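So this one's protein28.cif, mmCIF, C-alpha atoms:
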data_structure
#
loop_
_atom_site.label_atom_id
_atom_site.label_comp_id
_atom_site.auth_asym_id
_atom_site.auth_seq_id
_atom_site.Cartn_x
_atom_site.Cartn_y
_atom_site.Cartn_z
CA MET A 1 -24.09 109.91 -41.18
CA ALA A 2 -21.93 111.23 -38.41
CA PRO A 3 -23.22 110.89 -34.85
CA LEU A 4 -24.99 113.81 -33.22
CA LEU A 5 -22.50 115.74 -31.13
CA THR A 6 -23.76 117.01 -27.79
CA SER A 7 -21.88 118.75 -25.01
CA VAL A 8 -18.11 118.33 -25.03
CA HIS A 9 -15.99 119.98 -22.38
CA CYS A 10 -12.24 119.52 -22.26
CA SER A 11 -9.56 120.84 -19.97
CA SER A 12 -6.09 121.89 -21.10
CA SER A 13 -2.84 122.49 -19.32
CA TYR A 14 -2.89 126.22 -19.82
CA PRO A 15 -5.47 128.96 -19.08
CA HIS A 16 -8.44 129.33 -21.35
CA PRO A 17 -11.94 130.72 -21.03
CA SER A 18 -14.48 128.84 -18.98
CA PRO A 19 -16.16 126.01 -20.90
CA ARG A 20 -19.43 126.85 -22.54
CA ARG A 21 -22.43 124.61 -22.17
CA ILE A 22 -23.86 123.53 -25.49
CA THR A 23 -27.46 122.41 -25.04
CA PRO A 24 -28.89 120.64 -28.09
CA SER A 25 -32.55 121.06 -28.85
CA PRO A 26 -34.80 117.99 -28.92
CA VAL A 27 -34.40 115.89 -32.06
CA SER A 28 -37.22 116.36 -34.52
CA ALA A 29 -37.79 116.22 -38.22
CA THR A 30 -36.59 119.80 -38.59
CA THR A 31 -33.48 119.43 -36.46
CA PRO A 32 -30.24 119.10 -38.45
CA PRO A 33 -28.92 115.53 -38.02
CA VAL A 34 -25.41 116.67 -37.22
CA LEU A 35 -24.27 119.43 -34.89
CA ARG A 36 -20.57 120.06 -35.25
CA ARG A 37 -18.47 122.12 -32.93
CA THR A 38 -17.08 125.19 -34.67
CA ARG A 39 -13.31 125.14 -34.78
CA THR A 40 -11.43 128.31 -33.91
CA ARG A 41 -8.14 129.44 -35.37
CA THR A 42 -6.31 128.56 -32.18
CA ARG A 43 -6.48 124.82 -31.57
CA ARG A 44 -6.54 123.97 -27.90
CA GLN A 45 -4.52 121.05 -26.66
CA LEU A 46 -6.70 118.36 -25.08
CA GLN A 47 -5.64 116.86 -21.79
CA ARG A 48 -8.79 115.09 -20.66
CA CYS A 49 -12.46 114.90 -21.60
CA PHE A 50 -14.86 114.50 -18.72
CA CYS A 51 -17.97 112.45 -19.43
CA SER A 52 -20.45 111.61 -16.71
CA GLN A 53 -21.08 107.93 -16.05
CA TYR A 54 -24.43 108.53 -14.36
CA ALA A 55 -26.94 108.83 -17.17
CA GLY A 56 -30.41 109.73 -16.05
CA LYS A 57 -29.35 111.11 -12.66
CA ARG A 58 -29.60 114.79 -11.88
CA GLN A 59 -26.15 116.27 -11.30
CA PRO A 60 -25.40 119.32 -9.13
CA PRO A 61 -24.48 122.45 -11.07
CA PRO A 62 -20.72 122.59 -11.76
CA GLU A 63 -18.42 125.23 -10.38
CA PRO A 64 -17.98 128.25 -12.64
CA ASP A 65 -14.38 127.43 -13.54
CA SER A 66 -14.52 123.62 -13.40
CA PRO A 67 -14.88 121.34 -16.45
CA GLN A 68 -18.42 120.08 -16.80
CA GLN A 69 -19.23 116.37 -16.90
CA MET A 70 -21.62 115.01 -19.49
CA GLU A 71 -23.48 111.69 -19.63
CA ARG A 72 -22.07 110.87 -23.10
CA LEU A 73 -19.76 112.40 -25.64
CA PHE A 74 -22.25 112.34 -28.53
CA SER A 75 -25.43 110.55 -29.59
CA ASN A 76 -25.83 107.81 -32.18
CA LEU A 77 -28.87 108.50 -34.35
CA ASN A 78 -30.75 106.17 -36.64
CA LYS A 79 -30.58 108.09 -39.92
CA ALA A 80 -33.95 106.68 -41.00
CA THR A 81 -35.97 107.36 -37.85
CA MET A 82 -33.77 110.10 -36.32
CA LYS A 83 -34.09 108.32 -32.96
CA HIS A 84 -31.35 107.87 -30.41
CA GLU A 85 -29.88 104.34 -30.55
CA PRO A 86 -27.25 103.91 -27.84
CA GLY A 87 -24.84 101.03 -28.23
CA SER A 88 -25.20 97.88 -26.15
CA VAL A 89 -22.40 96.83 -23.81
CA THR A 90 -23.36 93.18 -24.36
CA SER A 91 -23.01 93.56 -28.14
CA ALA A 92 -19.67 95.31 -27.62
CA ILE A 93 -18.44 92.43 -25.44
CA PHE A 94 -19.47 89.90 -28.08
CA LEU A 95 -17.77 91.97 -30.78
CA VAL A 96 -14.47 91.94 -28.89
CA ALA A 97 -14.79 88.25 -28.05
CA GLY A 98 -15.74 87.28 -31.59
CA THR A 99 -12.91 89.28 -33.13
CA THR A 100 -10.39 87.77 -30.71
CA VAL A 101 -11.45 84.14 -30.99
CA GLY A 102 -10.21 82.67 -34.25
CA ALA A 103 -9.83 79.19 -35.64
CA GLY A 104 -6.17 79.34 -34.60
CA ILE A 105 -7.13 78.76 -30.97
CA LEU A 106 -7.34 75.04 -31.72
CA ALA A 107 -3.65 74.98 -32.70
CA ILE A 108 -2.36 76.67 -29.51
CA PRO A 109 -1.44 73.35 -27.82
CA ALA A 110 0.91 72.66 -30.72
CA VAL A 111 3.13 75.58 -29.64
CA THR A 112 2.67 75.15 -25.87
CA GLN A 113 3.22 71.40 -25.63
CA GLU A 114 6.93 71.69 -24.85
CA ALA A 115 6.31 74.23 -22.06
CA GLY A 116 3.49 72.25 -20.48
CA PHE A 117 0.15 73.51 -19.25
CA LEU A 118 1.25 75.31 -16.09
CA ALA A 119 3.97 77.38 -17.78
CA SER A 120 1.84 78.12 -20.86
CA ALA A 121 -1.07 79.21 -18.62
CA VAL A 122 1.17 81.78 -16.94
CA ILE A 123 2.33 83.08 -20.34
CA CYS A 124 -1.26 83.19 -21.59
CA ILE A 125 -2.43 85.29 -18.63
CA LEU A 126 0.53 87.69 -18.98
CA CYS A 127 -0.13 88.13 -22.71
CA TRP A 128 -3.81 88.75 -21.97
CA LEU A 129 -2.95 91.46 -19.44
CA TYR A 130 -0.59 93.13 -21.91
CA MET A 131 -3.13 93.11 -24.73
CA VAL A 132 -5.89 94.42 -22.44
CA VAL A 133 -3.69 97.36 -21.43
CA THR A 134 -2.89 98.17 -25.07
CA GLY A 135 -6.60 98.14 -25.94
CA LEU A 136 -7.43 100.46 -23.04
CA LEU A 137 -4.72 102.87 -24.17
CA VAL A 138 -6.07 102.86 -27.72
CA ALA A 139 -9.52 103.66 -26.32
CA GLU A 140 -8.13 106.60 -24.33
CA VAL A 141 -6.44 108.05 -27.40
CA ASN A 142 -9.54 107.49 -29.53
CA VAL A 143 -11.95 109.22 -27.15
CA ASN A 144 -9.52 112.11 -26.57
CA THR A 145 -9.14 112.51 -30.34
CA MET A 146 -12.93 112.67 -30.71
CA CYS A 147 -13.00 115.35 -28.01
CA GLU A 148 -10.33 117.38 -29.77
CA LEU A 149 -11.82 117.11 -33.26
CA GLY A 150 -15.40 117.56 -32.07
CA SER A 151 -16.82 114.61 -33.97
CA GLY A 152 -17.49 110.94 -33.39
CA GLY A 153 -16.33 107.97 -35.41
CA VAL A 154 -12.62 108.73 -35.67
CA SER A 155 -10.25 105.86 -36.37
CA LEU A 156 -6.54 105.17 -36.76
CA VAL A 157 -5.95 107.94 -39.30
CA SER A 158 -6.97 110.79 -37.02
CA MET A 159 -5.36 109.15 -34.00
CA ALA A 160 -2.02 108.65 -35.77
CA MET A 161 -2.07 112.16 -37.27
CA ARG A 162 -2.71 113.67 -33.84
CA THR A 163 0.02 111.68 -32.05
CA LEU A 164 2.59 110.49 -34.62
CA GLY A 165 2.62 113.12 -37.36
CA THR A 166 2.69 112.70 -41.15
CA PHE A 167 5.32 109.95 -41.34
CA GLY A 168 3.68 108.03 -38.52
CA VAL A 169 0.22 108.16 -40.07
CA ARG A 170 1.54 106.91 -43.44
CA THR A 171 3.37 104.02 -41.83
CA ALA A 172 0.40 103.12 -39.63
CA CYS A 173 -2.07 103.28 -42.52
CA LEU A 174 0.01 101.11 -44.86
CA SER A 175 0.57 98.53 -42.13
CA TYR A 176 -3.11 98.57 -41.15
CA LEU A 177 -4.33 98.07 -44.72
CA PHE A 178 -1.80 95.32 -45.48
CA ILE A 179 -2.62 93.32 -42.35
CA HIS A 180 -6.39 93.68 -42.73
CA TYR A 181 -6.60 92.75 -46.40
CA ALA A 182 -4.20 89.83 -45.89
CA LEU A 183 -6.30 88.49 -43.02
CA LEU A 184 -9.55 88.98 -44.93
CA VAL A 185 -8.13 86.96 -47.82
CA ALA A 186 -7.12 84.23 -45.36
CA TYR A 187 -10.59 84.21 -43.77
CA VAL A 188 -12.34 83.93 -47.14
CA ALA A 189 -9.95 81.20 -48.32
CA ARG A 190 -10.39 79.04 -45.22
CA SER A 191 -14.15 79.53 -45.02
CA SER A 192 -14.54 78.63 -48.70
CA ASP A 193 -12.66 75.38 -48.03
CA ILE A 194 -15.09 74.51 -45.25
CA ILE A 195 -18.16 75.37 -47.35
CA THR A 196 -16.83 73.40 -50.33
CA ASN A 197 -16.16 70.34 -48.19
CA SER A 198 -19.67 70.56 -46.73
CA LEU A 199 -21.75 71.42 -49.83
CA GLY A 200 -19.56 70.13 -52.64
CA ILE A 201 -19.68 73.38 -54.63
CA PRO A 202 -16.66 74.99 -56.35
CA LEU A 203 -14.28 77.11 -54.29
CA TRP A 204 -15.08 80.34 -56.12
CA GLU A 205 -18.78 79.88 -55.40
CA SER A 206 -18.05 79.21 -51.73
CA ALA A 207 -15.87 82.31 -51.47
CA THR A 208 -18.52 84.43 -53.20
CA LEU A 209 -21.29 83.07 -50.98
CA PHE A 210 -19.33 83.74 -47.78
CA SER A 211 -18.32 87.25 -48.85
CA LEU A 212 -21.82 88.23 -49.92
CA ALA A 213 -23.46 86.86 -46.80
CA PHE A 214 -21.15 88.31 -44.16
CA GLY A 215 -20.12 91.37 -46.15
CA GLY A 216 -23.77 92.17 -46.88
CA VAL A 217 -24.65 92.03 -43.17
CA CYS A 218 -21.81 94.44 -42.37
CA TYR A 219 -22.63 96.83 -45.23
CA PHE A 220 -26.43 96.94 -45.16
CA GLY A 221 -27.14 95.93 -41.56
CA SER A 222 -27.81 98.35 -38.75
CA GLN A 223 -25.76 98.39 -35.57
CA ARG A 224 -28.38 96.27 -33.81
CA LEU A 225 -28.58 93.72 -36.63
CA ILE A 226 -24.81 93.31 -36.79
CA GLY A 227 -24.70 92.93 -33.02
CA ALA A 228 -27.45 90.30 -33.11
CA VAL A 229 -25.75 88.29 -35.87
CA ASN A 230 -22.39 88.48 -34.14
CA GLY A 231 -23.96 87.46 -30.81
CA PHE A 232 -25.60 84.46 -32.47
CA LEU A 233 -22.26 83.39 -33.95
CA VAL A 234 -20.48 83.79 -30.61
CA ALA A 235 -23.17 81.62 -28.97
CA GLY A 236 -22.52 79.02 -31.67
CA ILE A 237 -18.78 79.21 -30.96
CA LEU A 238 -19.35 78.56 -27.26
CA ALA A 239 -21.72 75.65 -28.00
CA SER A 240 -19.37 73.97 -30.50
CA PHE A 241 -16.38 74.58 -28.24
CA THR A 242 -18.20 73.00 -25.30
CA SER A 243 -19.03 69.96 -27.44
CA LEU A 244 -15.42 69.69 -28.55
CA VAL A 245 -14.14 69.90 -24.97
CA VAL A 246 -16.61 67.23 -23.80
CA VAL A 247 -15.54 64.88 -26.59
CA ALA A 248 -11.82 65.55 -26.15
CA SER A 249 -11.69 65.34 -22.36
CA GLY A 250 -12.84 61.76 -22.00
CA ASN A 251 -9.44 60.57 -20.76
CA LEU A 252 -8.09 63.58 -18.89
CA HIS A 253 -4.94 63.01 -16.81
CA TRP A 254 -4.92 65.70 -14.11
CA SER A 255 -1.30 65.06 -13.23
CA SER A 256 -0.26 66.15 -16.73
CA LEU A 257 -1.57 69.65 -16.01
CA LEU A 258 1.12 70.18 -13.37
CA GLU A 259 4.00 69.75 -15.81
CA ALA A 260 5.91 72.97 -16.49
CA ASN A 261 9.00 73.84 -18.49
CA PHE A 262 9.39 77.59 -18.05
CA ALA A 263 12.58 77.62 -20.14
CA ALA A 264 10.54 76.66 -23.21
CA ALA A 265 7.65 79.03 -22.44
CA PRO A 266 9.01 82.24 -24.10
CA GLN A 267 8.98 80.71 -27.57
CA SER A 268 5.19 80.52 -27.43
CA ILE A 269 4.73 84.22 -26.60
CA PRO A 270 4.41 85.50 -30.21
CA ILE A 271 1.68 83.00 -31.09
CA ILE A 272 -0.26 83.46 -27.85
CA ALA A 273 -0.02 87.26 -27.95
CA LEU A 274 -1.30 87.37 -31.54
CA SER A 275 -4.26 85.24 -30.43
CA PHE A 276 -5.52 88.25 -28.42
CA VAL A 277 -5.65 90.74 -31.30
CA TYR A 278 -8.80 92.86 -31.16
CA GLN A 279 -7.48 96.45 -31.03
CA ASN A 280 -8.73 97.17 -34.55
CA VAL A 281 -12.33 97.22 -33.29
CA VAL A 282 -11.66 99.56 -30.35
CA PRO A 283 -12.54 102.69 -32.40
CA VAL A 284 -15.79 100.95 -33.39
CA LEU A 285 -16.54 100.31 -29.72
CA CYS A 286 -15.89 103.94 -28.82
CA THR A 287 -18.28 105.09 -31.54
CA ASN A 288 -21.02 102.55 -30.75
CA LEU A 289 -20.83 103.31 -27.02
CA GLU A 290 -20.87 107.08 -27.64
CA GLY A 291 -17.45 107.77 -26.15
CA ASP A 292 -18.38 106.36 -22.72
CA LEU A 293 -14.99 105.15 -21.50
CA SER A 294 -16.47 103.22 -18.60
CA LYS A 295 -18.55 101.07 -20.96
CA VAL A 296 -15.65 100.72 -23.41
CA ARG A 297 -13.35 99.47 -20.65
CA THR A 298 -15.97 96.97 -19.51
CA ALA A 299 -16.36 95.67 -23.08
CA ILE A 300 -12.60 95.28 -23.54
CA VAL A 301 -11.92 93.50 -20.26
CA ALA A 302 -14.98 91.22 -20.39
CA GLY A 303 -14.70 90.63 -24.13
CA THR A 304 -11.08 89.45 -23.91
CA ALA A 305 -11.73 87.41 -20.75
CA ILE A 306 -13.93 85.03 -22.77
CA PRO A 307 -11.12 84.07 -25.20
CA LEU A 308 -8.72 83.78 -22.26
CA ALA A 309 -11.00 81.20 -20.64
CA LEU A 310 -11.33 79.31 -23.94
CA PHE A 311 -7.56 79.29 -24.47
CA LEU A 312 -6.85 77.96 -20.98
CA VAL A 313 -9.57 75.30 -21.12
CA TRP A 314 -8.56 74.03 -24.56
CA ASP A 315 -4.85 74.02 -23.74
CA GLY A 316 -5.53 72.12 -20.52
CA VAL A 317 -7.85 69.59 -22.17
CA ILE A 318 -5.42 68.77 -24.97
CA LEU A 319 -2.26 68.62 -22.86
CA GLY A 320 -4.10 66.68 -20.18
CA THR A 321 -5.86 64.26 -22.52
CA LEU A 322 -2.84 63.61 -24.73
CA PRO A 323 -0.05 63.28 -22.16
CA ASP A 324 2.50 62.45 -24.84
CA LEU A 325 2.21 66.04 -26.08
CA ALA A 326 2.98 67.73 -22.74
CA GLY A 327 6.70 68.28 -22.32
CA SER A 328 7.47 66.88 -25.77
CA SER A 329 10.02 68.68 -27.92
CA THR A 330 8.53 67.16 -31.09
CA VAL A 331 5.79 69.42 -32.49
CA SER A 332 2.68 67.52 -33.57
CA ASP A 333 -0.81 68.62 -34.56
CA PRO A 334 -3.22 67.91 -31.67
CA LEU A 335 -6.24 68.15 -33.98
CA GLU A 336 -4.91 65.40 -36.21
CA VAL A 337 -4.30 63.25 -33.14
CA LEU A 338 -7.89 63.84 -31.99
CA ARG A 339 -9.33 63.20 -35.45
CA SER A 340 -7.51 59.89 -35.67
CA SER A 341 -8.84 58.82 -32.27
CA ASN A 342 -12.47 60.02 -32.60
CA GLY A 343 -14.41 60.46 -35.82
CA ILE A 344 -16.89 63.00 -34.40
CA VAL A 345 -14.13 65.53 -33.75
CA GLY A 346 -13.79 66.50 -37.42
CA PRO A 347 -17.30 67.94 -37.98
CA ILE A 348 -17.22 69.80 -34.65
CA VAL A 349 -13.84 71.35 -35.52
CA GLU A 350 -15.16 72.45 -38.91
CA ALA A 351 -18.25 74.05 -37.33
CA PHE A 352 -16.18 75.84 -34.69
CA SER A 353 -13.67 77.06 -37.28
CA PHE A 354 -16.37 78.43 -39.58
CA LEU A 355 -18.13 80.31 -36.76
CA ALA A 356 -14.84 81.68 -35.42
CA ILE A 357 -13.84 82.86 -38.89
CA GLY A 358 -17.25 84.50 -39.30
CA THR A 359 -16.98 86.55 -36.11
CA SER A 360 -13.39 87.55 -36.87
CA TYR A 361 -14.42 88.54 -40.41
CA ILE A 362 -17.19 90.78 -39.06
CA GLY A 363 -14.82 92.45 -36.60
CA PHE A 364 -12.15 93.12 -39.20
CA ILE A 365 -14.68 94.38 -41.76
CA LEU A 366 -16.09 96.85 -39.23
CA GLY A 367 -12.62 97.99 -38.24
CA LEU A 368 -11.56 98.43 -41.86
CA SER A 369 -14.77 100.27 -42.78
CA ASP A 370 -14.28 102.63 -39.84
CA PHE A 371 -10.68 103.18 -40.93
CA LEU A 372 -11.61 103.96 -44.55
CA ALA A 373 -14.42 106.30 -43.47
CA ASP A 374 -11.98 108.23 -41.27
#

Would it be possible to restate this file's structure as structure tokens?
Amino acid sequence: MAPLLTSVHCSSSYPHPSPRRITPSPVSATTPPVLRRTRTRTRRQLQRCFCSQYAGKRQPPPEPDSPQQMERLFSNLNKATMKHEPGSVTSAIFLVAGTTVGAGILAIPAVTQEAGFLASAVICILCWLYMVVTGLLVAEVNVNTMCELGSGGVSLVSMAMRTLGTFGVRTACLSYLFIHYALLVAYVARSSDIITNSLGIPLWESATLFSLAFGGVCYFGSQRLIGAVNGFLVAGILASFTSLVVVASGNLHWSSLLEANFAAAPQSIPIIALSFVYQNVVPVLCTNLEGDLSKVRTAIVAGTAIPLALFLVWDGVILGTLPDLAGSSTVSDPLEVLRSSNGIVGPIVEAFSFLAIGTSYIGFILGLSDFLAD
């Protein structure tokens, strides 16, 4: 069911009649679940959609010729109870963080060891800033597209059609589908390995069990249930990561953290930048948070700050604990080095990897479902 559309007022770069105020009647059993804005023959170009950030506060009446500001772009309704269910900023932050954090975080020191911690930390922060800006831009385009089309829940298809044209939307859609299905196959394959090693069941049963469990939550679960499950998994990620850091940092050499080889730092940029991929869930955030750009921006910045902190801590712990890795031109697997030195590392790594794959799987499933629905 599409979200309930309330007042939408947009300004364009050329004269047009004063915006009309659309006042929806209270939701009841007899109220239609969807109110769509009637499209006219002449499609107005959208420059900006003004949405008030002060819900619940009485606003002064707008000027006759000024665009009106609304508390939200549309309303999310529970199709069973027909009650308003606004999205949670906390759940949105966890969704971004869970989608961003993957099992690959544990391999980052393998590509940053030659550059050293100090140089790789600078690259990591720069990549984070770049990926945050790209996510904010995607959110702007998504909300503006919802304003123009007069409906919530738009994804890459409508955004690409509005900005890139027919050829652009075909290229974007093919790339989006290829990347998402490839990553989903990788997530299922790796998670089935972990389940098989833990339970001793065949791989096909492990893959089926993982897909049914996490896919069923995404398909049948409500927004609140999915947020709760994802939040629980993110909490598990933080707990297992903390345990791993405590175990791995027993012999930390602080002087190793000051080593820097900036000439070798650029080669780690592709891996580090791809570690901050979350933009596929930005349309989901905009829909869950009812087009409130202020909340969406908060979710993006805070949600990606959590993986940034994890990346920096893990990179520092590994390069500081295993000084032979820092500044070395020979690539070695830090996890294998840790496993060989401490037997408890293996189970913690497996638990962290499974939880990280689970949160990434949920994020990509939601993004792909939103894409296919659009």

Query raised in the report: Counting all atoms listed in the file, what is within 7 Å of Phe276 in chain A, bar same-chain residues fewer than 2 positions away, as an MDAnalysis selection string?
Result: chainID A and resid 100 128 131 273:274 278

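The residue that comes closest to Asn251 in chain A, out of A:Thr166, A:Ser120, A:Ser91, A:Thr321 and on the basis of only C-alpha atoms, is A:Thr321.
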
Report task. Given the file shown, determine the residues that the PyMOL selection byres ((chain A and resi 208-225) around 8) selects; report them as a ChimeraX atom specification. Result -> /A:87,188,191-192,204-207,226-229,288,358,361-362,365-366

Generate a file of the selected residues that holds C-alpha atoms, formatted as a compact mmCIF listing (two decimals), in the coordinates of the input.
# COMPACT_ATOMS: atom_id res chain seq x y z
CA GLY A 87 -24.84 101.03 -28.23
CA VAL A 188 -12.34 83.93 -47.14
CA SER A 191 -14.15 79.53 -45.02
CA SER A 192 -14.54 78.63 -48.70
CA TRP A 204 -15.08 80.34 -56.12
CA GLU A 205 -18.78 79.88 -55.40
CA SER A 206 -18.05 79.21 -51.73
CA ALA A 207 -15.87 82.31 -51.47
CA ILE A 226 -24.81 93.31 -36.79
CA GLY A 227 -24.70 92.93 -33.02
CA ALA A 228 -27.45 90.30 -33.11
CA VAL A 229 -25.75 88.29 -35.87
CA ASN A 288 -21.02 102.55 -30.75
CA GLY A 358 -17.25 84.50 -39.30
CA TYR A 361 -14.42 88.54 -40.41
CA ILE A 362 -17.19 90.78 -39.06
CA ILE A 365 -14.68 94.38 -41.76
CA LEU A 366 -16.09 96.85 -39.23

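Here CA of His84 in chain A stands at a distance of 14.5 Å from CA of Gly152 in chain A.
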
Report task. Run the PyMOL selection byres ((chain A and resi 254) around 12) against the file shown and list the residues it catches, as a PyMOL selection string. Result -> chain A and resi 117-118+249-253+255-259+316-323+326

Query - Evaluate the PyMOL selection byres ((chain A and resi 372) around 10) and report residues as an MDAnalysis selection string - result: chainID A and resid 155:157 173 177 366:371 373:374

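Here CA of Phe178 in chain A and CA of Cys147 in chain A stand 28.8 Å from one another.
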
Query raised in the report: Which distance in Å separates CA of Glu350 in chain A and CA of Ile194 in chain A, to one decimal?
Result: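 Between these atoms lies a distance of 6.7 Å.
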
Requested in this report: Can you work out which one of A:Ile123, A:Ile269, A:Val296, A:Val282 has the shortest atom-to-atom distance to Thr99 in chain A, counting all atoms listed in the file?
Outcome: A:Val282

Query raised in the report: Which one of A:Met159, A:Ala263, A:Gly135, A:Leu106 sits closest to Thr304 in chain A if you count all atoms listed in the file?
Result: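 For Thr304 in chain A, the nearest of the given residues is A:Gly135.
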
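Using only C-alpha atoms, the smallest distance between any of A:Leu184, A:Ala107, A:Ile179, A:Leu310 and Leu338 in chain A comes from A:Ala107.
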